$ cat my_file31.cif   # mmCIF, C-alpha atoms
data_run
loop_
_atom_site.label_atom_id
_atom_site.label_comp_id
_atom_site.auth_asym_id
_atom_site.auth_seq_id
_atom_site.Cartn_x
_atom_site.Cartn_y
_atom_site.Cartn_z
CA MET A 10 0.00 0.00 0.00
CA ALA A 11 1.22 3.50 -0.79
CA THR A 12 2.38 5.35 2.33
CA ASN A 13 2.88 8.86 0.96
CA PRO A 14 -0.32 10.92 1.20
CA VAL A 15 -2.11 11.75 -2.04
CA PRO A 16 -1.63 15.43 -2.96
CA GLN A 17 -4.43 17.80 -2.07
CA PHE A 18 -7.01 18.53 -4.76
CA PRO A 19 -8.82 21.88 -5.06
CA ALA A 20 -11.78 22.64 -2.81
CA GLY A 21 -15.00 21.53 -4.46
CA PHE A 22 -13.35 18.74 -6.47
CA LEU A 23 -16.01 16.05 -7.00
CA TRP A 24 -15.21 12.52 -5.79
CA GLY A 25 -17.50 9.64 -6.69
CA VAL A 26 -18.02 6.07 -7.82
CA SER A 27 -19.83 4.69 -10.86
CA THR A 28 -22.14 1.79 -11.79
CA SER A 29 -24.58 0.97 -14.57
CA ALA A 30 -28.15 -0.29 -14.48
CA HIS A 31 -27.82 -3.52 -16.45
CA GLN A 32 -24.73 -4.56 -14.52
CA ILE A 33 -26.16 -4.24 -11.00
CA GLU A 34 -29.95 -3.82 -10.88
CA GLY A 35 -31.36 -7.27 -11.63
CA ALA A 36 -35.18 -7.39 -11.43
CA THR A 37 -35.33 -7.88 -15.18
CA GLU A 38 -38.91 -9.18 -14.88
CA LEU A 39 -40.00 -5.70 -13.75
CA ARG A 40 -38.93 -3.94 -16.93
CA GLU A 41 -39.07 -4.33 -20.69
CA PRO A 42 -36.31 -6.44 -22.25
CA SER A 43 -33.11 -4.86 -23.52
CA VAL A 44 -30.77 -5.91 -26.30
CA TRP A 45 -28.48 -7.26 -23.57
CA ASP A 46 -31.22 -9.59 -22.32
CA ALA A 47 -31.62 -10.94 -25.85
CA PHE A 48 -27.86 -11.20 -26.34
CA THR A 49 -27.13 -13.09 -23.11
CA ALA A 50 -29.96 -15.52 -23.85
CA GLU A 51 -27.97 -16.77 -26.86
CA PRO A 52 -25.62 -19.65 -25.94
CA GLY A 53 -21.95 -18.77 -26.07
CA ARG A 54 -22.36 -15.01 -25.91
CA VAL A 55 -21.23 -14.67 -22.27
CA LYS A 56 -18.10 -16.53 -21.22
CA ASP A 57 -19.55 -18.06 -18.04
CA GLY A 58 -23.04 -18.47 -19.49
CA SER A 59 -24.53 -16.05 -16.96
CA THR A 60 -27.09 -13.28 -17.32
CA ALA A 61 -27.92 -10.09 -15.42
CA ALA A 62 -31.33 -11.37 -14.29
CA VAL A 63 -30.24 -10.94 -10.66
CA ALA A 64 -26.84 -9.24 -10.96
CA CYS A 65 -26.30 -7.48 -7.60
CA ASP A 66 -30.05 -7.13 -7.01
CA HIS A 67 -29.50 -3.41 -6.54
CA TYR A 68 -33.15 -2.86 -7.44
CA HIS A 69 -34.18 -4.37 -4.11
CA ARG A 70 -31.01 -3.58 -2.12
CA TYR A 71 -30.41 0.02 -3.15
CA ARG A 72 -30.74 1.31 0.42
CA GLU A 73 -27.92 -0.99 1.50
CA ASP A 74 -25.82 0.27 -1.41
CA VAL A 75 -26.52 3.92 -0.62
CA ALA A 76 -25.35 3.16 2.93
CA LEU A 77 -22.10 1.87 1.40
CA LEU A 78 -21.75 5.16 -0.46
CA THR A 79 -22.31 7.08 2.76
CA GLY A 80 -19.72 4.97 4.56
CA LEU A 81 -17.26 5.55 1.73
CA GLY A 82 -17.67 9.32 2.02
CA VAL A 83 -18.05 10.13 -1.67
CA ASP A 84 -19.66 13.34 -2.88
CA ALA A 85 -21.50 11.78 -5.81
CA TYR A 86 -22.83 8.54 -7.26
CA ARG A 87 -22.85 7.99 -10.99
CA PHE A 88 -25.47 5.38 -11.97
CA SER A 89 -27.44 4.80 -15.14
CA ILE A 90 -31.14 4.92 -15.83
CA SER A 91 -32.40 1.86 -17.70
CA TRP A 92 -34.38 2.95 -20.76
CA PRO A 93 -36.28 -0.40 -20.73
CA ARG A 94 -37.20 0.16 -17.07
CA VAL A 95 -38.49 3.66 -17.76
CA ARG A 96 -40.75 2.16 -20.45
CA SER A 97 -42.20 -0.41 -18.04
CA PRO A 98 -45.46 0.04 -16.09
CA GLU A 99 -43.55 0.77 -12.89
CA GLY A 100 -41.66 3.35 -14.92
CA LEU A 101 -39.49 5.79 -13.06
CA GLY A 102 -40.62 4.80 -9.58
CA PHE A 103 -37.39 2.98 -8.78
CA TYR A 104 -35.26 5.98 -9.76
CA ASP A 105 -37.53 8.28 -7.77
CA ARG A 106 -36.80 6.18 -4.69
CA LEU A 107 -33.08 5.90 -5.43
CA VAL A 108 -32.66 9.65 -6.00
CA ASP A 109 -34.59 10.43 -2.82
CA GLU A 110 -32.38 8.03 -0.86
CA LEU A 111 -29.21 9.59 -2.29
CA CYS A 112 -30.38 13.13 -1.55
CA ALA A 113 -31.30 12.17 2.01
CA ALA A 114 -27.81 10.70 2.43
CA GLY A 115 -26.11 13.83 1.09
CA VAL A 116 -24.79 12.06 -2.03
CA ARG A 117 -25.23 13.88 -5.33
CA PRO A 118 -27.05 11.74 -7.95
CA VAL A 119 -25.33 11.77 -11.36
CA PRO A 120 -27.44 9.68 -13.76
CA THR A 121 -26.27 8.44 -17.15
CA LEU A 122 -29.20 8.32 -19.56
CA PHE A 123 -27.86 5.55 -21.83
CA HIS A 124 -25.36 2.89 -20.79
CA TRP A 125 -25.75 0.30 -23.59
CA ASP A 126 -29.08 -1.28 -22.52
CA LEU A 127 -31.17 -0.32 -25.55
CA PRO A 128 -34.79 -1.50 -25.50
CA VAL A 129 -35.49 -4.46 -27.78
CA GLY A 130 -37.05 -3.19 -31.00
CA LEU A 131 -34.80 -0.12 -31.29
CA ASP A 132 -31.63 -0.03 -33.37
CA TRP A 133 -28.85 2.57 -33.47
CA LEU A 134 -28.49 1.90 -37.19
CA GLU A 135 -31.80 3.75 -37.53
CA ARG A 136 -31.82 7.53 -37.27
CA ASP A 137 -35.18 7.52 -35.51
CA THR A 138 -33.57 5.96 -32.43
CA ALA A 139 -31.85 9.28 -31.72
CA ALA A 140 -35.20 11.07 -31.67
CA ARG A 141 -36.71 8.34 -29.50
CA PHE A 142 -33.83 8.77 -27.09
CA ALA A 143 -34.49 12.51 -26.82
CA ASP A 144 -38.12 11.72 -25.93
CA HIS A 145 -36.89 9.32 -23.24
CA VAL A 146 -34.56 11.98 -21.84
CA ALA A 147 -37.37 14.52 -21.67
CA VAL A 148 -39.53 12.08 -19.67
CA VAL A 149 -36.72 11.36 -17.20
CA ALA A 150 -35.74 15.00 -16.80
CA GLU A 151 -39.31 16.06 -16.12
CA ARG A 152 -39.60 13.46 -13.35
CA LEU A 153 -36.19 13.77 -11.69
CA GLY A 154 -34.91 17.21 -12.68
CA ASP A 155 -35.99 18.87 -9.43
CA ARG A 156 -33.45 16.71 -7.53
CA VAL A 157 -30.78 15.89 -10.13
CA PRO A 158 -28.32 18.72 -10.83
CA LYS A 159 -25.78 16.84 -12.97
CA TRP A 160 -26.54 14.70 -16.05
CA ILE A 161 -24.63 12.42 -18.43
CA THR A 162 -26.16 11.74 -21.84
CA LEU A 163 -24.32 8.65 -23.14
CA ASN A 164 -21.70 6.24 -21.88
CA GLU A 165 -18.88 5.17 -24.22
CA PRO A 166 -20.47 5.37 -27.66
CA ALA A 167 -17.10 4.25 -29.07
CA GLU A 168 -17.18 0.88 -27.29
CA HIS A 169 -20.88 0.42 -27.98
CA THR A 170 -20.18 0.98 -31.68
CA LEU A 171 -17.02 -1.13 -31.88
CA LEU A 172 -17.86 -4.03 -29.59
CA GLY A 173 -21.63 -4.16 -30.12
CA HIS A 174 -21.99 -3.40 -33.81
CA ALA A 175 -18.62 -3.76 -35.55
CA LEU A 176 -17.13 -6.85 -33.87
CA GLY A 177 -20.17 -8.60 -32.37
CA ILE A 178 -18.60 -9.12 -28.94
CA HIS A 179 -21.29 -7.12 -27.11
CA ALA A 180 -25.01 -6.69 -27.64
CA PRO A 181 -26.66 -6.51 -30.06
CA GLY A 182 -23.98 -8.69 -31.69
CA GLY A 183 -23.52 -6.97 -35.06
CA GLN A 184 -20.41 -7.81 -37.08
CA LEU A 185 -20.56 -4.90 -39.49
CA LEU A 186 -16.96 -3.66 -39.19
CA PHE A 187 -16.85 -0.22 -40.86
CA ASP A 188 -20.50 -0.45 -41.88
CA ALA A 189 -21.18 0.25 -38.18
CA LEU A 190 -20.24 3.94 -38.62
CA PRO A 191 -23.91 5.05 -38.74
CA VAL A 192 -24.22 3.72 -35.17
CA ALA A 193 -21.55 6.19 -34.08
CA HIS A 194 -23.25 9.07 -35.89
CA HIS A 195 -26.71 8.32 -34.54
CA GLN A 196 -25.41 8.05 -30.97
CA LEU A 197 -23.65 11.39 -31.32
CA LEU A 198 -26.83 12.88 -32.74
CA ALA A 199 -28.75 11.39 -29.81
CA HIS A 200 -26.32 13.10 -27.46
CA GLY A 201 -26.95 16.49 -29.05
CA LEU A 202 -30.71 16.01 -29.00
CA ALA A 203 -30.48 14.91 -25.36
CA VAL A 204 -28.54 18.05 -24.45
CA ARG A 205 -31.34 20.12 -26.01
CA ALA A 206 -34.00 18.14 -24.15
CA LEU A 207 -32.17 18.58 -20.85
CA ARG A 208 -31.74 22.32 -21.46
CA ALA A 209 -35.45 22.59 -22.19
CA ALA A 210 -36.07 20.97 -18.80
CA GLY A 211 -33.84 23.54 -17.09
CA ALA A 212 -30.64 21.49 -16.73
CA THR A 213 -27.45 23.54 -16.39
CA ASP A 214 -24.85 20.83 -15.66
CA VAL A 215 -24.69 18.44 -18.61
CA GLY A 216 -21.88 16.25 -19.94
CA ILE A 217 -21.06 12.97 -21.68
CA ALA A 218 -18.88 9.99 -20.69
CA ASN A 219 -16.59 9.22 -23.62
CA SER A 220 -13.82 6.63 -23.40
CA HIS A 221 -10.34 7.78 -24.38
CA GLY A 222 -6.74 6.71 -24.07
CA PRO A 223 -3.38 7.56 -25.63
CA THR A 224 -2.45 5.65 -28.77
CA TRP A 225 1.19 4.62 -28.96
CA PRO A 226 2.74 3.47 -32.26
CA ALA A 227 4.42 0.06 -32.01
CA SER A 228 7.52 1.53 -33.68
CA ARG A 229 8.67 4.57 -35.64
CA GLU A 230 8.16 2.72 -38.90
CA SER A 231 5.72 4.59 -41.14
CA ALA A 232 3.33 1.63 -41.38
CA ASP A 233 3.03 1.45 -37.58
CA VAL A 234 2.66 5.22 -37.21
CA GLU A 235 -0.05 5.33 -39.88
CA ALA A 236 -1.94 2.44 -38.26
CA ALA A 237 -1.74 4.12 -34.85
CA ASP A 238 -2.98 7.40 -36.30
CA PHE A 239 -5.96 5.63 -37.84
CA TYR A 240 -6.77 3.85 -34.58
CA ASP A 241 -6.55 7.15 -32.70
CA ILE A 242 -8.99 8.77 -35.11
CA LEU A 243 -11.40 5.84 -34.88
CA LEU A 244 -11.45 5.43 -31.09
CA ASN A 245 -10.68 8.94 -29.87
CA ARG A 246 -11.19 11.74 -32.37
CA LEU A 247 -14.29 10.29 -34.05
CA PHE A 248 -16.16 10.76 -30.78
CA ALA A 249 -14.47 13.94 -29.48
CA ASP A 250 -14.02 16.15 -32.56
CA PRO A 251 -17.74 16.39 -33.48
CA LEU A 252 -18.66 17.39 -29.91
CA LEU A 253 -15.81 19.80 -29.31
CA LEU A 254 -15.00 21.11 -32.79
CA GLY A 255 -18.28 20.59 -34.62
CA GLU A 256 -16.63 18.50 -37.34
CA TYR A 257 -15.57 14.95 -38.06
CA PRO A 258 -11.92 14.06 -38.66
CA ALA A 259 -11.00 14.42 -42.33
CA GLY A 260 -12.55 11.75 -44.52
CA LEU A 261 -15.11 10.46 -42.03
CA GLY A 262 -17.93 12.98 -42.42
CA GLU A 263 -18.75 11.81 -45.94
CA LEU A 264 -19.14 8.25 -44.63
CA MET A 265 -21.93 9.25 -42.25
CA PRO A 266 -25.64 9.11 -43.12
CA GLY A 267 -28.07 11.99 -43.51
CA ASP A 268 -27.45 15.74 -43.62
CA VAL A 269 -24.17 15.62 -41.74
CA ALA A 270 -23.59 19.39 -41.70
CA SER A 271 -26.96 20.00 -40.04
CA ASP A 272 -26.50 17.08 -37.66
CA LEU A 273 -23.13 18.40 -36.54
CA LYS A 274 -24.77 21.61 -35.33
CA VAL A 275 -26.89 19.45 -33.02
CA ILE A 276 -24.02 17.16 -32.01
CA ALA A 277 -21.90 20.16 -31.03
CA GLU A 278 -24.47 21.61 -28.61
CA PRO A 279 -22.27 23.06 -25.84
CA VAL A 280 -21.80 20.89 -22.76
CA ASP A 281 -20.87 22.12 -19.31
CA TRP A 282 -18.14 19.55 -18.86
CA TYR A 283 -16.56 16.68 -20.76
CA GLY A 284 -16.44 13.22 -19.18
CA ILE A 285 -13.56 10.85 -19.87
CA ASN A 286 -13.43 7.15 -19.02
CA TYR A 287 -9.76 6.16 -18.82
CA TYR A 288 -8.30 2.68 -18.38
CA ALA A 289 -5.06 2.36 -20.38
CA PRO A 290 -3.11 3.44 -23.45
CA THR A 291 -3.16 1.24 -26.54
CA ARG A 292 -0.04 0.22 -28.48
CA VAL A 293 -0.91 -0.09 -32.14
CA GLY A 294 0.95 -1.25 -35.23
CA ALA A 295 0.37 -2.23 -38.82
CA PRO A 296 -1.94 -5.20 -39.47
CA GLN A 297 -0.27 -8.57 -38.99
CA GLY A 298 -2.58 -10.64 -41.18
CA ALA A 299 -4.00 -12.81 -38.43
CA GLU A 300 -6.81 -12.66 -35.90
CA ILE A 301 -5.59 -11.79 -32.40
CA GLU A 302 -7.13 -11.65 -28.95
CA PHE A 303 -6.23 -8.66 -26.81
CA GLY A 304 -7.68 -7.73 -23.42
CA GLY A 305 -10.59 -10.10 -23.86
CA VAL A 306 -11.43 -8.74 -27.33
CA ARG A 307 -10.89 -10.81 -30.48
CA LEU A 308 -9.83 -8.56 -33.35
CA PRO A 309 -10.32 -9.80 -36.92
CA ALA A 310 -7.39 -9.92 -39.33
CA GLU A 311 -9.01 -7.57 -41.85
CA LEU A 312 -8.73 -4.49 -39.61
CA PRO A 313 -6.17 -1.92 -40.86
CA PHE A 314 -4.27 -2.04 -37.56
CA SER A 315 -3.20 -4.52 -34.90
CA VAL A 316 -3.11 -4.03 -31.14
CA ARG A 317 0.19 -4.98 -29.53
CA GLU A 318 1.24 -5.73 -25.97
CA ILE A 319 2.71 -2.90 -23.90
CA GLU A 320 5.78 -4.55 -22.45
CA GLY A 321 7.36 -3.86 -19.10
CA VAL A 322 4.24 -2.76 -17.22
CA PRO A 323 1.99 -4.67 -14.80
CA VAL A 324 -1.38 -5.93 -15.98
CA THR A 325 -4.72 -6.37 -14.23
CA ASP A 326 -6.47 -9.72 -13.85
CA PHE A 327 -8.26 -8.76 -17.08
CA GLY A 328 -4.90 -8.44 -18.84
CA TRP A 329 -5.17 -4.66 -19.21
CA PRO A 330 -1.89 -2.72 -18.87
CA VAL A 331 -1.52 -0.47 -15.83
CA VAL A 332 -0.10 2.87 -16.99
CA PRO A 333 -1.15 5.73 -14.67
CA GLU A 334 1.01 8.27 -16.48
CA GLY A 335 -1.13 7.63 -19.56
CA LEU A 336 -3.90 9.59 -17.85
CA THR A 337 -1.67 12.65 -17.51
CA GLU A 338 -0.60 12.26 -21.14
CA LEU A 339 -4.20 11.94 -22.29
CA LEU A 340 -5.43 15.01 -20.42
CA THR A 341 -2.57 17.28 -21.40
CA GLY A 342 -2.97 16.05 -24.98
CA PHE A 343 -6.66 16.92 -24.96
CA ARG A 344 -5.85 20.38 -23.63
CA ASP A 345 -3.27 20.91 -26.37
CA ARG A 346 -5.50 19.56 -29.15
CA TYR A 347 -8.76 21.30 -28.24
CA GLY A 348 -7.61 24.41 -26.38
CA ASP A 349 -10.45 26.64 -25.25
CA ARG A 350 -12.96 24.35 -26.99
CA LEU A 351 -12.42 21.80 -24.21
CA PRO A 352 -14.74 22.45 -21.26
CA PRO A 353 -13.83 21.36 -17.72
CA VAL A 354 -13.09 17.63 -17.58
CA VAL A 355 -14.46 14.98 -15.22
CA ILE A 356 -12.96 11.48 -15.08
CA THR A 357 -16.22 9.54 -15.18
CA GLU A 358 -14.61 6.08 -14.95
CA ASN A 359 -11.25 4.71 -13.87
CA GLY A 360 -10.73 1.31 -12.33
CA CYS A 361 -9.38 -2.21 -12.60
CA SER A 362 -10.25 -5.89 -12.20
CA TYR A 363 -8.54 -7.82 -9.41
CA GLU A 364 -9.58 -10.74 -7.23
CA GLY A 365 -9.59 -10.83 -3.45
CA LEU A 366 -10.71 -8.77 -0.49
CA ASP A 367 -7.18 -7.65 0.37
CA ASP A 368 -6.84 -6.01 -3.04
CA GLN A 369 -3.51 -4.23 -2.66
CA ALA A 370 -3.04 -4.18 -6.45
CA ARG A 371 -6.26 -2.14 -6.81
CA ILE A 372 -5.04 0.27 -4.14
CA ALA A 373 -1.77 0.74 -6.03
CA TYR A 374 -3.72 1.25 -9.26
CA LEU A 375 -6.03 3.89 -7.79
CA ASP A 376 -3.22 5.63 -5.91
CA GLY A 377 -1.18 5.88 -9.12
CA HIS A 378 -4.06 7.20 -11.18
CA VAL A 379 -5.15 9.77 -8.61
CA ARG A 380 -1.56 11.06 -8.54
CA ALA A 381 -1.47 11.12 -12.35
CA LEU A 382 -4.69 13.11 -12.31
CA HIS A 383 -3.16 15.59 -9.88
CA ALA A 384 -0.16 15.92 -12.21
CA ALA A 385 -2.55 16.90 -15.02
CA LEU A 386 -4.10 19.51 -12.74
CA ALA A 387 -0.65 20.84 -11.90
CA ALA A 388 0.05 21.05 -15.65
CA GLY A 389 -2.95 23.34 -16.05
CA VAL A 390 -5.72 20.96 -17.15
CA ASP A 391 -9.10 21.98 -15.73
CA VAL A 392 -10.24 18.72 -14.12
CA ARG A 393 -13.23 18.94 -11.78
CA GLY A 394 -13.95 15.36 -10.65
CA TYR A 395 -12.98 11.68 -10.47
CA PHE A 396 -15.26 8.61 -10.35
CA VAL A 397 -13.96 5.11 -9.59
CA TRP A 398 -15.32 2.20 -11.56
CA SER A 399 -16.96 0.57 -9.72
CA LEU A 400 -18.78 0.57 -6.40
CA LEU A 401 -19.74 -3.13 -6.67
CA ASP A 402 -18.48 -6.30 -8.29
CA ASN A 403 -21.04 -6.75 -11.04
CA PHE A 404 -22.10 -8.40 -14.29
CA GLU A 405 -19.16 -7.50 -16.51
CA TRP A 406 -20.92 -7.75 -19.89
CA ALA A 407 -19.57 -10.58 -22.08
CA GLU A 408 -17.22 -11.63 -19.27
CA GLY A 409 -20.18 -12.42 -17.00
CA TYR A 410 -19.19 -12.57 -13.34
CA ALA A 411 -15.56 -13.50 -14.02
CA ARG A 412 -14.20 -9.98 -13.48
CA ARG A 413 -14.30 -7.98 -10.27
CA PHE A 414 -14.00 -4.20 -10.61
CA GLY A 415 -15.70 -3.29 -7.32
CA LEU A 416 -14.51 -1.53 -4.19
CA VAL A 417 -17.11 -3.78 -2.57
CA HIS A 418 -17.03 -7.56 -2.99
CA VAL A 419 -20.36 -9.13 -3.94
CA ASP A 420 -20.95 -12.83 -3.34
CA HIS A 421 -22.95 -13.67 -6.45
CA GLU A 422 -24.69 -16.55 -4.66
CA THR A 423 -25.75 -14.84 -1.43
CA LEU A 424 -25.44 -11.21 -2.68
CA GLU A 425 -23.64 -10.31 0.55
CA ARG A 426 -21.63 -7.10 0.25
CA THR A 427 -18.16 -6.92 1.84
CA PRO A 428 -16.02 -3.77 1.55
CA LYS A 429 -12.52 -4.55 0.29
CA ALA A 430 -9.23 -3.05 1.41
CA SER A 431 -9.50 -0.64 -1.54
CA TYR A 432 -12.82 0.66 -0.17
CA ARG A 433 -11.10 1.50 3.10
CA TRP A 434 -8.14 3.06 1.30
CA PHE A 435 -10.40 5.27 -0.82
CA ARG A 436 -12.40 6.27 2.27
CA GLU A 437 -9.24 7.32 4.12
CA MET A 438 -7.92 9.16 1.05
CA LEU A 439 -11.17 11.16 0.87
CA ARG A 440 -11.00 11.96 4.57
CA ALA A 441 -7.46 13.26 4.10
CA GLN A 442 -8.70 15.52 1.30
CA GLY A 443 -10.90 17.26 3.90
#
$ encode --input "my_file31.cif" --output "structure tokens"
Amino acid sequence: MATNPVPQFPAGFLWGVSTSAHQIEGATELREPSVWDAFTAEPGRVKDGSTAAVACDHYHRYREDVALLTGLGVDAYRFSISWPRVRSPEGLGFYDRLVDELCAAGVRPVPTLFHWDLPVGLDWLERDTAARFADHVAVVAERLGDRVPKWITLNEPAEHTLLGHALGIHAPGGQLLFDALPVAHHQLLAHGLAVRALRAAGATDVGIANSHGPTWPASRESADVEAADFYDILLNRLFADPLLLGEYPAGLGELMPGDVASDLKVIAEPVDWYGINYYAPTRVGAPQGAEIEFGGVRLPAELPFSVREIEGVPVTDFGWPVVPEGLTELLTGFRDRYGDRLPPVVITENGCSYEGLDDQARIAYLDGHVRALHAALAAGVDVRGYFVWSLLDNFEWAEGYARRFGLVHVDHETLERTPKASYRWFREMLRAQG
């Protein structure tokens, strides 16, 4: 465990933890089905054959989980609102109760309005889904807006596009490769329409949670540099440039459907802050002509790049490299690239998968990343908050229950919650911040 105290962050810096509805709520019989319900029902889609039918049963145990938040001492709780649950007869009642419980506990609710659990019957390949999402957002904001000050429109549209529609690893299981680009465009359009819907409801603190990480060329050879540049455009700039600059990277706009120029005016609706989910850099080189598996993701040979191992660094139990300084590099790079077009930044996810209750490796991971975040602040990046992924061990998508990202251990048989050593470390770190 690190012994040197974490540097002091500015007064008012927002500390929190994150979860998502499909991964923790359970109670699937009390809502409409999502594309993830359909996906996990297909044999072979989830590595351990599990589903999120029960998950952590947060739907019934939310008071216990809010008590864990209170004991942790966080300022805020980032959760997601299930679109299929909002469409069910019980509707928003659960989120009413959860938000009330959070407010009573002095924990700021920070809901994400879409975290991958699309209702069955909707499809991001269709433009109309963006308009339907804006209608959903308006319904939620009308019901909860009197108690919710801070909103997130979408979570990780890049991963949802790549893993769910291009490679078929996540729901809904599409294997469209570059024909999945309309999914990216329609999600970005949905974000812009959601910002407008939230503004119409009086919201003044709106952001998005985009995933980003530095891209490192495998070598200085031109083929590796070009492949890394392409990967960086596809996974980083494709989802940041339209929001922050009002334009797609060169060559991509003409691949998108519809009246792209008009859509970009919606996509670029100003946000109050920009959320970044950071886990690791990616080392990228020229294609190697063979399918490879990297970090639990199988990449087909026909992609114009290959992902390589980052040597000489520790890895998590998921096989992800641990590179805290990559967070500093990412944030200073964003500041340099986008300048005054970059609003204040919030780290909306950062975390790791390790086994065990005495999770010293997770403590080292979090300690390193919090220090890297402070280094970015010291370098002049306007960062306003940090959320750990995740509060609870949960249903980790196509990995099922094989990965444990939580500060709190969940026994998936009994559902008993047990705070880990990392929970106690984070609690003491927050106390030291004052």
$ atom_distance --input "my_file31.cif" --atom1 "CA of Val83 (chain A)" --atom2 "CA of Trp24 (chain A)"
5.5 Å
$ atom_distance --input "my_file31.cif" --atom1 "CA of Glu51 (chain A)" --atom2 "CA of Pro166 (chain A)"
23.4 Å
$ residues_near_point --input "my_file31.cif" --point "(-22.7, -15.7, -24.5)" --cutoff "10 Å" --atoms "only C-alpha atoms" --output "list in words"
Phe48, Thr49, Ala50, Glu51, Pro52, Gly53, Arg54, Val55, Lys56, Asp57, Gly58, Ser59, Thr60, Ile178, His179, Ala180, Trp406, Ala407, Glu408 and Gly409 of chain A
$ closest_residue --input "my_file31.cif" --among "A:Val306, A:Ala140, A:Val148, A:Leu81" --to "Ala430 (chain A)" --atoms "all atoms listed in the file"
A:Leu81
$ residues_around --input "my_file31.cif" --residues "Gly294 (chain A)" --least-positions-apart "2" --cutoff "10 Å" --atoms "all atoms listed in the file" --output "PDB file with C-alpha atoms, keeping the file's coordinate frame"
ATOM      1  CA  TRP A 225       1.190   4.620 -28.960  1.00  0.00           C
ATOM      2  CA  PRO A 226       2.740   3.470 -32.260  1.00  0.00           C
ATOM      3  CA  ALA A 227       4.420   0.060 -32.010  1.00  0.00           C
ATOM      4  CA  SER A 228       7.520   1.530 -33.680  1.00  0.00           C
ATOM      5  CA  ARG A 229       8.670   4.570 -35.640  1.00  0.00           C
ATOM      6  CA  GLU A 230       8.160   2.720 -38.900  1.00  0.00           C
ATOM      7  CA  SER A 231       5.720   4.590 -41.140  1.00  0.00           C
ATOM      8  CA  ALA A 232       3.330   1.630 -41.380  1.00  0.00           C
ATOM      9  CA  ASP A 233       3.030   1.450 -37.580  1.00  0.00           C
ATOM     10  CA  VAL A 234       2.660   5.220 -37.210  1.00  0.00           C
ATOM     11  CA  GLU A 235      -0.050   5.330 -39.880  1.00  0.00           C
ATOM     12  CA  ALA A 236      -1.940   2.440 -38.260  1.00  0.00           C
ATOM     13  CA  ALA A 237      -1.740   4.120 -34.850  1.00  0.00           C
ATOM     14  CA  ASP A 238      -2.980   7.400 -36.300  1.00  0.00           C
ATOM     15  CA  TYR A 240      -6.770   3.850 -34.580  1.00  0.00           C
ATOM     16  CA  THR A 291      -3.160   1.240 -26.540  1.00  0.00           C
ATOM     17  CA  ARG A 292      -0.040   0.220 -28.480  1.00  0.00           C
ATOM     18  CA  PRO A 296      -1.940  -5.200 -39.470  1.00  0.00           C
ATOM     19  CA  GLN A 297      -0.270  -8.570 -38.990  1.00  0.00           C
ATOM     20  CA  PRO A 313      -6.170  -1.920 -40.860  1.00  0.00           C
ATOM     21  CA  PHE A 314      -4.270  -2.040 -37.560  1.00  0.00           C
ATOM     22  CA  SER A 315      -3.200  -4.520 -34.900  1.00  0.00           C
ATOM     23  CA  VAL A 316      -3.110  -4.030 -31.140  1.00  0.00           C
ATOM     24  CA  ARG A 317       0.190  -4.980 -29.530  1.00  0.00           C
TER      25      ARG A 317
END
$ closest_residue --input "my_file31.cif" --among "A:Glu278, A:Glu110, A:Asp188, A:Glu263" --to "Pro251 (chain A)" --atoms "all atoms listed in the file"
A:Glu278
$ closest_residue --input "my_file31.cif" --among "A:Gln184, A:Thr337, A:Asn245, A:Gln196" --to "Arg136 (chain A)" --atoms "all atoms listed in the file"
A:Gln196
$ residues_around --input "my_file31.cif" --residues "Pro14 (chain A)" --least-positions-apart "5" --cutoff "12 Å" --atoms "only C-alpha atoms" --output "PyMOL selection string"
chain A and resi 376-377+379-380+434-435+437-442
$ resolve_selection --input "my_file31.cif" --expression "the PyMOL selection byres ((chain A and resi 349-360) around 6)" --output "PyMOL selection string"
chain A and resi 253+282-288+347-348+361+391-398
$ residues_around --input "my_file31.cif" --residues "Pro118 (chain A)" --least-positions-apart "4" --cutoff "8 Å" --atoms "only C-alpha atoms" --output "PyMOL selection string"
chain A and resi 85-88+108+111-112+157-159
$ write_last_selection --input "my_file31.cif" --atoms "C-alpha atoms" --output "PDB file, in the frame of the given file"
ATOM      1  CA  ALA A  85     -21.500  11.780  -5.810  1.00  0.00           C
ATOM      2  CA  TYR A  86     -22.830   8.540  -7.260  1.00  0.00           C
ATOM      3  CA  ARG A  87     -22.850   7.990 -10.990  1.00  0.00           C
ATOM      4  CA  PHE A  88     -25.470   5.380 -11.970  1.00  0.00           C
ATOM      5  CA  VAL A 108     -32.660   9.650  -6.000  1.00  0.00           C
ATOM      6  CA  LEU A 111     -29.210   9.590  -2.290  1.00  0.00           C
ATOM      7  CA  CYS A 112     -30.380  13.130  -1.550  1.00  0.00           C
ATOM      8  CA  VAL A 157     -30.780  15.890 -10.130  1.00  0.00           C
ATOM      9  CA  PRO A 158     -28.320  18.720 -10.830  1.00  0.00           C
ATOM     10  CA  LYS A 159     -25.780  16.840 -12.970  1.00  0.00           C
TER      11      LYS A 159
END
$ resolve_selection --input "my_file31.cif" --expression "the PyMOL selection byres ((chain A and resi 174) around 10)" --output "ChimeraX atom specification"
/A:133-134,168-173,175-193
